[in-house]
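my_file-v8.pdb follows; it contains PDB, C-alpha atoms.
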ATOM      1  CA  MET R   2      60.246 -61.852  45.121
ATOM      2  CA  PRO R   3      60.720 -65.264  46.767
ATOM      3  CA  GLN R   4      60.801 -63.589  50.176
ATOM      4  CA  ALA R   5      57.305 -62.189  49.660
ATOM      5  CA  ARG R   6      56.020 -65.651  48.813
ATOM      6  CA  TYR R   7      57.558 -67.151  51.955
ATOM      7  CA  ALA R   8      56.254 -64.303  54.083
ATOM      8  CA  ARG R   9      52.754 -64.988  52.815
ATOM      9  CA  LEU R  10      53.229 -68.716  53.281
ATOM     10  CA  TYR R  11      54.345 -68.564  56.906
ATOM     11  CA  ARG R  12      52.174 -65.801  58.241
ATOM     12  CA  THR R  13      50.055 -66.530  61.275
ATOM     13  CA  ARG R  14      46.313 -66.151  61.389
ATOM     14  CA  SER R  15      44.430 -64.591  64.241
ATOM     15  CA  PRO R  16      42.685 -66.910  66.700
ATOM     16  CA  ILE R  17      39.424 -65.115  65.965
ATOM     17  CA  ARG R  18      39.746 -66.046  62.308
ATOM     18  CA  ILE R  19      40.628 -69.651  63.122
ATOM     19  CA  LYS R  20      37.958 -70.302  65.752
ATOM     20  CA  GLY R  21      35.345 -67.747  64.738
ATOM     21  CA  THR R  22      34.965 -68.529  61.045
ATOM     22  CA  PRO R  23      33.144 -71.874  61.463
ATOM     23  CA  ILE R  24      30.800 -70.505  64.116
ATOM     24  CA  ALA R  25      30.081 -67.355  62.122
ATOM     25  CA  THR R  26      29.379 -69.336  58.946
ATOM     26  CA  VAL R  27      26.902 -71.636  60.714
ATOM     27  CA  MET R  28      25.134 -68.639  62.223
ATOM     28  CA  LEU R  29      25.100 -66.794  58.893
ATOM     29  CA  ALA R  30      23.759 -69.907  57.159
ATOM     30  CA  SER R  31      20.947 -70.062  59.729
ATOM     31  CA  LEU R  32      20.134 -66.425  58.993
ATOM     32  CA  ILE R  33      20.030 -66.723  55.194
ATOM     33  CA  PRO R  34      16.521 -68.268  54.878
ATOM     34  CA  SER R  35      15.146 -65.538  57.164
ATOM     35  CA  ILE R  36      16.914 -62.696  55.372
ATOM     36  CA  LEU R  37      16.096 -63.639  51.784
ATOM     37  CA  PRO R  38      12.894 -62.053  50.508
ATOM     38  CA  ILE R  39      11.273 -65.367  49.581
ATOM     39  CA  VAL R  40       7.665 -65.981  50.509
ATOM     40  CA  ALA R  41       6.689 -69.634  50.524
ATOM     41  CA  LEU R  42       3.610 -71.421  51.763
ATOM     42  CA  SER R  43       5.576 -74.558  52.539
ATOM     43  CA  PRO R  44       9.165 -75.137  53.639
ATOM     44  CA  SER R  45      11.271 -75.114  50.512
ATOM     45  CA  MET R  46      14.621 -73.711  51.690
ATOM     46  CA  PRO R  47      17.041 -76.343  52.943
ATOM     47  CA  PRO R  48      18.222 -76.045  56.562
ATOM     48  CA  LEU R  49      21.437 -74.242  55.663
ATOM     49  CA  GLY R  50      22.590 -73.831  59.270
ATOM     50  CA  LEU R  51      22.332 -77.560  59.893
ATOM     51  CA  MET R  52      24.023 -78.348  56.602
ATOM     52  CA  MET R  53      26.906 -75.998  57.401
ATOM     53  CA  LEU R  54      27.259 -77.511  60.883
ATOM     54  CA  LEU R  55      27.377 -81.028  59.449
ATOM     55  CA  ALA R  56      29.839 -80.004  56.745
ATOM     56  CA  TRP R  57      32.215 -78.516  59.315
ATOM     57  CA  ARG R  58      31.820 -81.546  61.586
ATOM     58  CA  LEU R  59      32.553 -84.007  58.789
ATOM     59  CA  LEU R  60      35.435 -81.908  57.466
ATOM     60  CA  ARG R  61      37.106 -81.217  60.827
ATOM     61  CA  PRO R  62      35.775 -83.606  63.499
ATOM     62  CA  GLU R  63      38.365 -82.511  66.059
ATOM     63  CA  MET R  64      37.459 -78.836  65.804
ATOM     64  CA  TRP R  65      34.329 -78.728  67.951
ATOM     65  CA  PRO R  66      33.068 -80.509  71.044
ATOM     66  CA  LEU R  67      29.809 -82.429  70.754
ATOM     67  CA  TRP R  68      27.873 -79.844  72.760
ATOM     68  CA  ILE R  69      28.368 -77.167  70.075
ATOM     69  CA  GLY R  70      24.942 -78.137  68.737
ATOM     70  CA  LEU R  71      23.318 -76.575  71.811
ATOM     71  CA  PRO R  72      24.295 -72.905  71.337
ATOM     72  CA  LEU R  73      24.189 -73.041  67.538
ATOM     73  CA  GLY R  74      20.830 -74.839  67.637
ATOM     74  CA  PHE R  75      19.531 -72.236  70.090
ATOM     75  CA  PHE R  76      20.522 -69.482  67.661
ATOM     76  CA  ASP R  77      18.806 -71.350  64.821
ATOM     77  CA  ASP R  78      15.648 -71.817  66.898
ATOM     78  CA  ILE R  79      15.509 -68.114  67.697
ATOM     79  CA  VAL R  80      16.144 -67.042  64.090
ATOM     80  CA  THR R  81      13.805 -69.509  62.371
ATOM     81  CA  GLY R  82      10.975 -69.253  64.887
ATOM     82  CA  HIS R  83      10.882 -72.920  65.844
ATOM     83  CA  PRO R  84      10.066 -73.806  69.441
ATOM     84  CA  VAL R  85      13.184 -73.269  71.517
ATOM     85  CA  GLY R  86      14.935 -76.561  71.996
ATOM     86  CA  THR R  87      14.018 -78.173  68.685
ATOM     87  CA  ALA R  88      17.264 -77.549  66.849
ATOM     88  CA  MET R  89      19.220 -77.602  70.104
ATOM     89  CA  CYS R  90      18.160 -81.182  70.772
ATOM     90  CA  LEU R  91      18.146 -82.490  67.219
ATOM     91  CA  TRP R  92      21.468 -80.953  66.177
ATOM     92  CA  THR R  93      23.189 -82.298  69.295
ATOM     93  CA  VAL R  94      21.742 -85.769  68.737
ATOM     94  CA  ALA R  95      22.846 -85.647  65.090
ATOM     95  CA  LEU R  96      26.393 -84.723  66.134
ATOM     96  CA  VAL R  97      26.505 -87.528  68.701
ATOM     97  CA  VAL R  98      25.269 -90.063  66.144
ATOM     98  CA  ILE R  99      27.785 -88.856  63.543
ATOM     99  CA  ASP R 100      30.580 -89.107  66.110
ATOM    100  CA  THR R 101      29.505 -92.640  67.033
ATOM    101  CA  VAL R 102      29.315 -93.723  63.403
ATOM    102  CA  SER R 103      32.688 -92.134  62.642
ATOM    103  CA  LEU R 104      34.333 -94.070  65.460
ATOM    104  CA  ARG R 105      33.065 -97.358  64.059
ATOM    105  CA  LEU R 106      34.270 -96.727  60.509
ATOM    106  CA  LEU R 107      37.851 -97.589  59.644
ATOM    107  CA  TRP R 108      37.959 -94.911  56.971
ATOM    108  CA  ARG R 109      35.594 -92.423  55.397
ATOM    109  CA  ASP R 110      35.416 -91.056  51.912
ATOM    110  CA  TYR R 111      33.352 -88.429  50.150
ATOM    111  CA  ALA R 112      30.427 -90.741  49.376
ATOM    112  CA  GLN R 113      30.178 -91.889  52.985
ATOM    113  CA  ASP R 114      30.242 -88.293  54.231
ATOM    114  CA  TRP R 115      27.459 -87.432  51.790
ATOM    115  CA  LEU R 116      25.411 -90.430  52.910
ATOM    116  CA  ILE R 117      25.955 -89.668  56.600
ATOM    117  CA  ALA R 118      24.986 -86.023  56.128
ATOM    118  CA  SER R 119      21.952 -86.898  53.966
ATOM    119  CA  VAL R 120      20.596 -89.321  56.550
ATOM    120  CA  ALA R 121      21.223 -86.789  59.324
ATOM    121  CA  ILE R 122      19.519 -83.955  57.420
ATOM    122  CA  ILE R 123      16.472 -86.066  56.548
ATOM    123  CA  ALA R 124      16.201 -87.391  60.118
ATOM    124  CA  VAL R 125      16.463 -83.921  61.643
ATOM    125  CA  LEU R 126      13.862 -82.510  59.237
ATOM    126  CA  ALA R 127      11.467 -85.393  59.914
ATOM    127  CA  MET R 128      11.903 -85.191  63.683
ATOM    128  CA  SER R 129      11.526 -81.429  63.570
ATOM    129  CA  TRP R 130       8.225 -81.897  61.743
ATOM    130  CA  VAL R 131       7.113 -84.406  64.406
ATOM    131  CA  LEU R 132       8.013 -82.014  67.217
ATOM    132  CA  MET R 133       6.269 -79.117  65.453
ATOM    133  CA  HIS R 134       3.215 -81.259  64.764
ATOM    134  CA  PHE R 135       2.800 -82.186  68.401
ATOM    135  CA  SER R 136       3.706 -78.797  69.858
ATOM    136  CA  PRO R 137       0.984 -76.982  71.827
ATOM    137  CA  GLY R 138       0.680 -74.232  69.212
ATOM    138  CA  GLY R 139       0.143 -76.777  66.490
ATOM    139  CA  GLY R 140       1.825 -76.466  63.173
ATOM    140  CA  GLY R 141       3.942 -78.630  61.013
ATOM    141  CA  GLY R 142       1.274 -79.041  58.359
ATOM    142  CA  PRO R 143       0.976 -82.182  56.272
ATOM    143  CA  PHE R 144       4.178 -84.175  55.798
ATOM    144  CA  ARG R 145       3.928 -83.991  52.016
ATOM    145  CA  GLN R 146       4.893 -80.316  52.213
ATOM    146  CA  LEU R 147       8.349 -81.376  53.379
ATOM    147  CA  TRP R 148       9.159 -83.367  50.238
ATOM    148  CA  PRO R 149      10.838 -80.514  48.317
ATOM    149  CA  GLN R 150      13.012 -79.736  51.323
ATOM    150  CA  LEU R 151      13.787 -83.421  51.929
ATOM    151  CA  LEU R 152      14.860 -83.901  48.315
ATOM    152  CA  LEU R 153      16.720 -80.631  47.808
ATOM    153  CA  SER R 154      18.764 -80.631  51.015
ATOM    154  CA  PRO R 155      20.853 -83.782  50.390
ATOM    155  CA  LEU R 156      21.448 -82.689  46.807
ATOM    156  CA  MET R 157      22.774 -79.307  47.971
ATOM    157  CA  PHE R 158      25.055 -80.735  50.661
ATOM    158  CA  PRO R 159      28.103 -81.204  48.373
ATOM    159  CA  LEU R 160      27.990 -77.482  47.549
ATOM    160  CA  VAL R 161      27.917 -76.593  51.230
ATOM    161  CA  GLN R 162      30.753 -79.012  51.930
ATOM    162  CA  ARG R 163      32.840 -77.493  49.150
ATOM    163  CA  LEU R 164      32.191 -74.015  50.553
ATOM    164  CA  CYS R 165      33.372 -75.206  53.973
ATOM    165  CA  ALA R 166      36.533 -76.654  52.444
ATOM    166  CA  ARG R 167      37.313 -73.324  50.776
ATOM    167  CA  LEU R 168      36.646 -71.428  53.977
ATOM    168  CA  ASP R 169      38.855 -73.886  55.840
ATOM    169  CA  ARG R 170      41.754 -73.190  53.482
ATOM    170  CA  TRP R 171      41.208 -69.453  53.988
ATOM    171  CA  ARG R 172      41.054 -69.585  57.787
ATOM    172  CA  LEU R 173      44.052 -71.836  58.452
ATOM    173  CA  PRO R 174      47.656 -70.721  58.066
TER     174      PRO R 174
END

Just dump the structure as C-alpha cells.
Amino acid sequence: MPQARYARLYRTRSPIRIKGTPIATVMLASLIPSILPIVALSPSMPPLGLMMLLAWRLLRPEMWPLWIGLPLGFFDDIVTGHPVGTAMCLWTVALVVIDTVSLRLLWRDYAQDWLIASVAIIAVLAMSWVLMHFSPGGGGGPFRQLWPQLLLSPLMFPLVQRLCARLDRWRLP
C-alpha cells in the first residue's frame, strides 16, 4: 500500500499538461461568455479570459513571458468580436504594469494581489470602452452600462484565483 502512495507522489506529468493547462484555461475562459446562451443588452459578464490571465500571472509570475498577452489577447479579440488589437494591447500593458509593480514590492499577499488585479481589470475595461467608443464602427455605448461589469469583475476575481490555484496543484507533479 505505501508503494502505491509513493508511486502516485513521484510520478511525472507530461509537458503538455504542465505548459498547456494555463494557456487552455485562459482560452476557455475567453470562450465562456460567447458560448453561454445569455442575451444581454449591456456588458454584464466579467472578462473571464483577462481574469484568468491575471490570476495565473499573479500566482506564477515566472511561468510566462510578458508577451503572452499578445497571442492570448488576439484569441480573445477574435472570440469576443472586439477590434483586433484591443485585448492584445491592453492585456500586454496590464502584464507589464503588474510586472513593474511586483518588482517594486518587497512582498505580496492575497489582499495586494486582489487590489492589483482589481485595478488592472477596471483599467482594461475602461480603456477597452474608450477604444471601442472611438473606433470607426462606433460602439461602446454609454459608460454607465459598464458599471455592473466593473463592480462584478473584482468581486469574482478571488474565485478565479482559487480555481487557478487548484488547477496549478493538478498540473504540477

Next item on the list: Kindly indicate which residue among R:Leu156, R:Pro34, R:Ile79, R:Val98 lies nearest to Ala124 (chain R), using all atoms listed in the file for the distances.
Entry: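 Checking each of R:Leu156, R:Pro34, R:Ile79, R:Val98 against Ala124 (chain R), counting all atoms listed in the file, the winner is R:Val98.
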
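Closest to Gly74 (chain R) among R:Leu132, R:Met46, R:Ile24, R:Leu164 is R:Ile24, based on all atoms listed in the file.
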
Item checked: Given all atoms listed in the file as the counted atoms, nearest of R:Trp57, R:Ile99, R:Pro72, R:Met133 to Lys20 (chain R) ->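 Going through R:Trp57, R:Ile99, R:Pro72, R:Met133 one by one, the smallest distance to Lys20 (chain R) is for R:Trp57.
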
Notebook entry, point to check: For Ile122 (chain R), which residue among R:Gly50, R:Gly82, R:Gly21, R:Pro66 is the nearest when counting all atoms listed in the file?
Noted result: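 Looking only at the distances to Ile122 (chain R), the closest residue turns out to be R:Gly50.
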
Next item on the list: Decode the PyMOL selection byres ((chain R and resi 80) around 12) for the given file into explicit residues and return them as a PyMOL selection string.
Entry: chain R and resi 28-36+48+50+73-79+81-85+88

Next item on the list: Identify all residues satisfying the PyMOL selection byres ((chain R and resi 53) around 8) in the given file; provide them as a PyMOL selection string.
Entry: chain R and resi 26-27+30+49-52+54-57+161-162+165

Tell me, as a tab-separated table (two decimals) with C-alpha atoms, in the frame of the given file, which residues lie within 12 Å of Leu42 (chain R), counting only C-alpha atoms; anything in the same chain fewer than 2 positions away does not count.
chain	number	residue	atom	x	y	z
R	39	ILE	CA	11.27	-65.37	49.58
R	40	VAL	CA	7.66	-65.98	50.51
R	44	PRO	CA	9.16	-75.14	53.64
R	45	SER	CA	11.27	-75.11	50.51
R	46	MET	CA	14.62	-73.71	51.69
R	141	GLY	CA	3.94	-78.63	61.01
R	142	GLY	CA	1.27	-79.04	58.36
R	143	PRO	CA	0.98	-82.18	56.27
R	146	GLN	CA	4.89	-80.32	52.21
R	147	LEU	CA	8.35	-81.38	53.38

Next item on the list: Provide the CA of Phe144 (chain R) to CA of Ile117 (chain R) distance in Å, to one decimal place.
Entry: 22.5 Å

Checklist line | Å distance separating CA of Leu67 (chain R) from CA of Leu96 (chain R), one decimal place | finding: 6.2 Å

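Atom pair CA of Thr101 (chain R) / CA of Met128 (chain R): separated by 19.4 Å.
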
Padding of 4 Å on every side, edges along x, y and z, all listed atoms of region 166-171 of chain R included: what centre and edge lengths in Å, to one decimal, does that box have, as lines of an AutoDock Vina configuration file?
center_x = 39.1
center_y = -73.1
center_z = 53.3
size_x = 13.2
size_y = 15.2
size_z = 13.1

Check: Which of these residues is nearest to Arg14 (chain R), using all atoms listed in the file: R:Trp65, R:Trp108, R:Trp92, R:Trp171?
Finding: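 Residue with the minimum atom-to-atom distance to Arg14 (chain R): R:Trp171.
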
Check: Quick one: of R:Gln113, R:Thr93, R:Ser136, R:Ser119, who's nearest to Pro47 (chain R), counting only C-alpha atoms?
Finding: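 Looking at the shortest contact to Pro47 (chain R), the residue is R:Ser119.
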
Note to self: Need to verify the contact set: Pro16 (chain R), 12 Å, only C-alpha atoms, exclusion of same-chain residues closer than 3 positions in sequence. Can you return it as a list of chain:residue names?
What the structure shows: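 Contacts, with the query itself left out: R:Thr13, R:Ile19, R:Lys20, R:Gly21, R:Thr22, R:Pro23, R:Arg172, R:Leu173, R:Pro174.
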